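Asks: First the structure, which I've put down as structure tokens, then a few questions once you've had a look.
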Amino acid sequence: RSDFVVVSAEKLLESKAKFNEKTFLIRHGVDFVHFRKSLDPATEIPAEVANLPKPIIGFHGLLADWVDFALIKKTAEHFKEGSVVLIGKITVDAEKKIKILDNIPNIHFLGRKPYTELPNYCKAFDVALNPFEISELTLAANPLKVREYLAAGLQVVSTDIPEIRILEDCLAGADHDDFIAKIEHVLANPKPRAEVSDAIAHESWDAKVDELRVIMQKVKE
């Protein structure tokens with residue numbers, strides 16, 4: 001019954017267009033200027049991560065039950081000389097699953113951080129993770145954090161969900177071993193952070209508003 005429908009992922013477009021022919025895809029944008037601060041020499045790295053052993057493999061976002069905690073465990077054990085930093089709230093439904101990470105010395109739970117400080121933490125990371133379990137939910141997901149990482153100049157390694165495949169500096173791991181291999185590749189072949197960030201500049205939220213304006217004009221016609 002809607003005049004038009006907007007979805008944020010290709011899989012949602014496929015499933016919703018059958019109900020409304022005026023269904024359009026607008027992928028998530030990013031607060032580019034904010035996360036670009038990670039590249040600013042004046043942006044300070046927080047003390048709690050500044051001296052952690054490298055490489056620092058980072059995550060920020062909701063630690064919910066769709067996160068693959070077994071994969072995080074394997075990653076931490078593989079990079080035992082480095083550090084895995086997890087920033088975010090642990091949801092109630094993930095509390096049991098996340099116990100698999102107890103007593104792993106190089107996993108650092110930092111809890112929730114103010115949005116304003118996320119670029120500071122990203123500056124400390126050597127690579128960023130999007131370790132989602134593969135499910136009906138995540139196959140239709142378009143994680144905001146991935147574009148935030150990219151805007152901060154970070155290459156990203158993700159599990160293989162469709163929406164990250166279109167992003168040049170986000171590598172998809174086909175399984176746990178491949179995921180870890182992709183992290184190894186990024187660490188061995190770092191790209192200039194400014195180059196990574198520049199590549200996502202056109203996906204600001206202002207640009208997404210412009211996309212919406214074009215769609216609204218088409219619908220009116």
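Convention: chains lettered A, B, ... in structure tokens order; per-chain residue numbering from 1; ligands numbered from 1 as shown.
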Segment 47-100 of chain A: which residues are helix (DSSP H, G or I) by DSSP, as a list in words?
Replies: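 DSSP-assigned helix (DSSP H, G or I) residues in segment 47-100 of chain A: Ala47, Glu48, Val49, Ala50, Phe69, Ala70, Leu71, Ile72, Lys73, Lys74, Thr75, Ala76, Glu77, His78, Val92, Asp93, Ala94, Lys97, Ile98, Lys99 and Ile100 of chain A.
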Asks: Give me the residues near Tyr149 of chain A as a PyMOL selection string, where near means some atom within 12 Å (using only C-alpha atoms) and where sequence neighbours in that chain fewer than 2 positions away do not count.
Replies: chain A and resi 30-32+34-39+57-61+118-130+143-147+151-158+167+169-170+193+196-197+199-200
Asks: Which residues are near Ala181 of chain A? Cut-off 12 Å, only C-alpha atoms, ignore same chain within fewer than 2 positions. Put them as a list in words.
Replies: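 Selected residues are Lys74, Thr75, His78, Phe79, Val157, Ser158, Thr159, Leu171, Ala172, Gly173, Ala174, Asp175, His176, Asp177, Asp178, Phe179, Ile183, Glu184, His185, Val186, Leu187 and Ala188 of chain A.
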Asks: May I have the residues from that selection written out with C-alpha atoms, as a PDB file, in the first residue's frame?
Replies:
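Here's the written file selection_15.pdb:
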ATOM      1  CA  LYS A  74      40.007 -18.478  16.801  1.00  0.00           C
ATOM      2  CA  THR A  75      41.266 -15.098  15.627  1.00  0.00           C
ATOM      3  CA  HIS A  78      45.890 -17.294  15.981  1.00  0.00           C
ATOM      4  CA  PHE A  79      47.197 -13.774  16.624  1.00  0.00           C
ATOM      5  CA  VAL A 157      37.730  -8.399   7.056  1.00  0.00           C
ATOM      6  CA  SER A 158      34.184  -9.740   7.181  1.00  0.00           C
ATOM      7  CA  THR A 159      32.373 -13.019   7.019  1.00  0.00           C
ATOM      8  CA  LEU A 171      37.648  -8.697   2.264  1.00  0.00           C
ATOM      9  CA  ALA A 172      35.256 -11.616   2.717  1.00  0.00           C
ATOM     10  CA  GLY A 173      36.327 -14.806   4.435  1.00  0.00           C
ATOM     11  CA  ALA A 174      34.597 -17.884   3.015  1.00  0.00           C
ATOM     12  CA  ASP A 175      35.031 -19.794   6.293  1.00  0.00           C
ATOM     13  CA  HIS A 176      36.907 -19.387   9.584  1.00  0.00           C
ATOM     14  CA  ASP A 177      40.302 -20.362   8.155  1.00  0.00           C
ATOM     15  CA  ASP A 178      39.870 -18.066   5.157  1.00  0.00           C
ATOM     16  CA  PHE A 179      38.744 -15.230   7.430  1.00  0.00           C
ATOM     17  CA  ILE A 183      43.435 -10.800   8.179  1.00  0.00           C
ATOM     18  CA  GLU A 184      46.974 -12.047   7.555  1.00  0.00           C
ATOM     19  CA  HIS A 185      46.796 -10.634   4.024  1.00  0.00           C
ATOM     20  CA  VAL A 186      45.632  -7.196   5.171  1.00  0.00           C
ATOM     21  CA  LEU A 187      48.306  -6.994   7.852  1.00  0.00           C
ATOM     22  CA  ALA A 188      50.990  -7.999   5.355  1.00  0.00           C
TER      23      ALA A 188
END
Asks: Please list as a list in words every residue within 6 Å of segment 101-116 of chain A, counting only C-alpha atoms and excluding residues in the same chain fewer than 4 positions away.
Replies: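 Final neighbour list, sorted by chain and number: Lys73, Ser83, Val84, Val85, Leu86, Ile87, Gly88 and Lys89 of chain A.
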Asks: Can you list, as a ChimeraX atom specification, every protein, DNA or RNA residue that comes within 10 Å of Val5 of chain A when you count only C-alpha atoms, leaving out same-chain residues fewer than 3 positions away?
Replies: /A:1-2,13,16-17,19-25
Asks: Residues as selected, N, CA and C atoms, written as a short mmCIF file (atom, residue, chain, number, x, y, z; two decimals), in the first residue's frame, can you do that?
Replies:
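Output contents, as saved in part-v1.cif:
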data_model
loop_
_atom_site.label_atom_id
_atom_site.label_comp_id
_atom_site.auth_asym_id
_atom_site.auth_seq_id
_atom_site.Cartn_x
_atom_site.Cartn_y
_atom_site.Cartn_z
N ARG A 1 0.81 -1.22 0.00
CA ARG A 1 0.00 0.00 0.00
C ARG A 1 0.84 1.27 0.00
N SER A 2 2.16 1.13 0.21
CA SER A 2 3.03 2.31 0.26
C SER A 2 3.19 2.91 -1.14
N LEU A 13 15.76 -5.99 -1.41
CA LEU A 13 15.16 -5.53 -2.66
C LEU A 13 14.49 -6.69 -3.39
N LYS A 16 11.26 -7.75 -1.34
CA LYS A 16 10.17 -6.77 -1.16
C LYS A 16 9.58 -6.27 -2.48
N ALA A 17 10.38 -6.31 -3.56
CA ALA A 17 9.89 -5.78 -4.84
C ALA A 17 8.70 -6.56 -5.36
N PHE A 19 6.18 -7.35 -3.75
CA PHE A 19 4.98 -6.80 -3.14
C PHE A 19 4.70 -5.37 -3.59
N ASN A 20 5.74 -4.69 -4.06
CA ASN A 20 5.56 -3.30 -4.49
C ASN A 20 6.62 -3.02 -5.56
N GLU A 21 6.16 -2.76 -6.78
CA GLU A 21 7.12 -2.55 -7.89
C GLU A 21 7.94 -1.28 -7.71
N LYS A 22 7.45 -0.37 -6.86
CA LYS A 22 8.21 0.85 -6.58
C LYS A 22 9.04 0.66 -5.31
N THR A 23 9.91 -0.30 -5.38
CA THR A 23 10.83 -0.59 -4.29
C THR A 23 12.24 -0.22 -4.76
N PHE A 24 12.96 0.53 -3.94
CA PHE A 24 14.25 1.08 -4.34
C PHE A 24 15.32 0.74 -3.29
N LEU A 25 16.52 0.58 -3.78
CA LEU A 25 17.66 0.28 -2.91
C LEU A 25 18.47 1.55 -2.65
#
Asks: Could you pull out the strand (DSSP E or B) residues of segment 39-95 of chain A, going by DSSP on the backbone, and write them as a ChimeraX atom specification?
Replies: /A:56-60,63,67,83-87,90
Asks: Using all heavy atoms, can you write the selected residues to a file as a tab-separated table (two decimals), in the first residue's frame?
Replies:
chain	number	residue	atom	x	y	z
A	56	ILE	N	46.73	-4.74	16.39
A	56	ILE	CA	45.46	-4.56	17.09
A	56	ILE	C	44.34	-4.82	16.09
A	56	ILE	O	44.21	-4.13	15.08
A	56	ILE	CB	45.35	-3.15	17.70
A	56	ILE	CG1	46.44	-2.96	18.77
A	56	ILE	CG2	43.97	-2.94	18.30
A	56	ILE	CD1	46.45	-1.58	19.40
A	57	ILE	N	43.56	-5.85	16.39
A	57	ILE	CA	42.46	-6.28	15.53
A	57	ILE	C	41.18	-5.82	16.22
A	57	ILE	O	40.89	-6.26	17.34
A	57	ILE	CB	42.49	-7.81	15.34
A	57	ILE	CG1	43.82	-8.20	14.68
A	57	ILE	CG2	41.30	-8.29	14.54
A	57	ILE	CD1	44.12	-9.68	14.77
A	58	GLY	N	40.44	-4.91	15.61
A	58	GLY	CA	39.38	-4.23	16.33
A	58	GLY	C	37.98	-4.46	15.83
A	58	GLY	O	37.75	-4.77	14.65
A	59	PHE	N	37.04	-4.27	16.73
A	59	PHE	CA	35.60	-4.35	16.45
A	59	PHE	C	34.91	-3.30	17.29
A	59	PHE	O	35.19	-3.16	18.48
A	59	PHE	CB	35.07	-5.74	16.83
A	59	PHE	CG	33.56	-5.87	16.81
A	59	PHE	CD1	32.91	-6.36	15.69
A	59	PHE	CD2	32.79	-5.50	17.92
A	59	PHE	CE1	31.51	-6.48	15.68
A	59	PHE	CE2	31.41	-5.61	17.90
A	59	PHE	CZ	30.78	-6.10	16.78
A	60	HIS	N	33.97	-2.56	16.69
A	60	HIS	CA	33.06	-1.76	17.49
A	60	HIS	C	31.64	-1.98	16.99
A	60	HIS	O	31.40	-2.12	15.80
A	60	HIS	CB	33.44	-0.27	17.52
A	60	HIS	CG	33.22	0.50	16.24
A	60	HIS	ND1	31.97	0.76	15.73
A	60	HIS	CD2	34.09	1.08	15.38
A	60	HIS	CE1	32.07	1.49	14.63
A	60	HIS	NE2	33.36	1.67	14.39
A	63	LEU	N	27.55	-6.25	20.53
A	63	LEU	CA	27.99	-7.63	20.68
A	63	LEU	C	26.75	-8.48	20.95
A	63	LEU	O	26.41	-8.80	22.09
A	63	LEU	CB	29.02	-7.73	21.80
A	63	LEU	CG	30.37	-7.09	21.45
A	63	LEU	CD1	31.16	-6.76	22.71
A	63	LEU	CD2	31.17	-8.00	20.52
A	67	VAL	N	26.80	-12.20	16.27
A	67	VAL	CA	28.26	-12.15	16.16
A	67	VAL	C	28.82	-13.56	16.34
A	67	VAL	O	28.38	-14.31	17.22
A	67	VAL	CB	28.85	-11.18	17.20
A	67	VAL	CG1	30.37	-11.27	17.22
A	67	VAL	CG2	28.41	-9.75	16.92
A	83	SER	N	46.55	-8.21	19.72
A	83	SER	CA	45.44	-7.88	20.61
A	83	SER	C	44.14	-7.83	19.81
A	83	SER	O	44.10	-7.29	18.70
A	83	SER	CB	45.66	-6.52	21.27
A	83	SER	OG	46.92	-6.46	21.91
A	84	VAL	N	43.08	-8.38	20.39
A	84	VAL	CA	41.74	-8.26	19.82
A	84	VAL	C	40.94	-7.35	20.74
A	84	VAL	O	40.77	-7.64	21.93
A	84	VAL	CB	41.05	-9.64	19.69
A	84	VAL	CG1	39.60	-9.47	19.24
A	84	VAL	CG2	41.81	-10.52	18.70
A	85	VAL	N	40.49	-6.23	20.20
A	85	VAL	CA	39.79	-5.21	20.99
A	85	VAL	C	38.32	-5.22	20.59
A	85	VAL	O	37.98	-5.09	19.40
A	85	VAL	CB	40.40	-3.82	20.75
A	85	VAL	CG1	39.53	-2.73	21.37
A	85	VAL	CG2	41.81	-3.76	21.31
A	86	LEU	N	37.45	-5.39	21.57
A	86	LEU	CA	36.00	-5.42	21.34
A	86	LEU	C	35.36	-4.25	22.07
A	86	LEU	O	35.43	-4.15	23.30
A	86	LEU	CB	35.41	-6.74	21.84
A	86	LEU	CG	36.02	-8.02	21.26
A	86	LEU	CD1	35.40	-9.25	21.91
A	86	LEU	CD2	35.86	-8.08	19.75
A	87	ILE	N	34.74	-3.36	21.31
A	87	ILE	CA	34.08	-2.18	21.86
A	87	ILE	C	32.60	-2.29	21.60
A	87	ILE	O	32.17	-2.48	20.45
A	87	ILE	CB	34.64	-0.90	21.21
A	87	ILE	CG1	36.12	-0.71	21.55
A	87	ILE	CG2	33.83	0.33	21.63
A	87	ILE	CD1	36.79	0.40	20.77
A	90	ILE	N	27.26	-5.64	25.33
A	90	ILE	CA	26.93	-7.06	25.21
A	90	ILE	C	25.45	-7.22	25.47
A	90	ILE	O	24.96	-6.86	26.54
A	90	ILE	CB	27.74	-7.91	26.20
A	90	ILE	CG1	29.24	-7.74	25.97
A	90	ILE	CG2	27.35	-9.39	26.08
A	90	ILE	CD1	30.12	-8.37	27.04
Asks: May I ask which of the residues A:Ala47, A:Ala207, A:Leu212, A:Leu52 is the closest one to Val7 of chain A, counting only C-alpha atoms?
Replies: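 Closest to Val7 of chain A, using only C-alpha atoms: A:Leu212.
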Asks: In terms of the shortest atom-to-atom distance over only C-alpha atoms, which of A:Trp66, A:Glu203, A:Ala94, A:Val49 is closest to Gly82 of chain A?
Replies: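 Using only C-alpha atoms, the shortest distance to Gly82 of chain A belongs to A:Val49.
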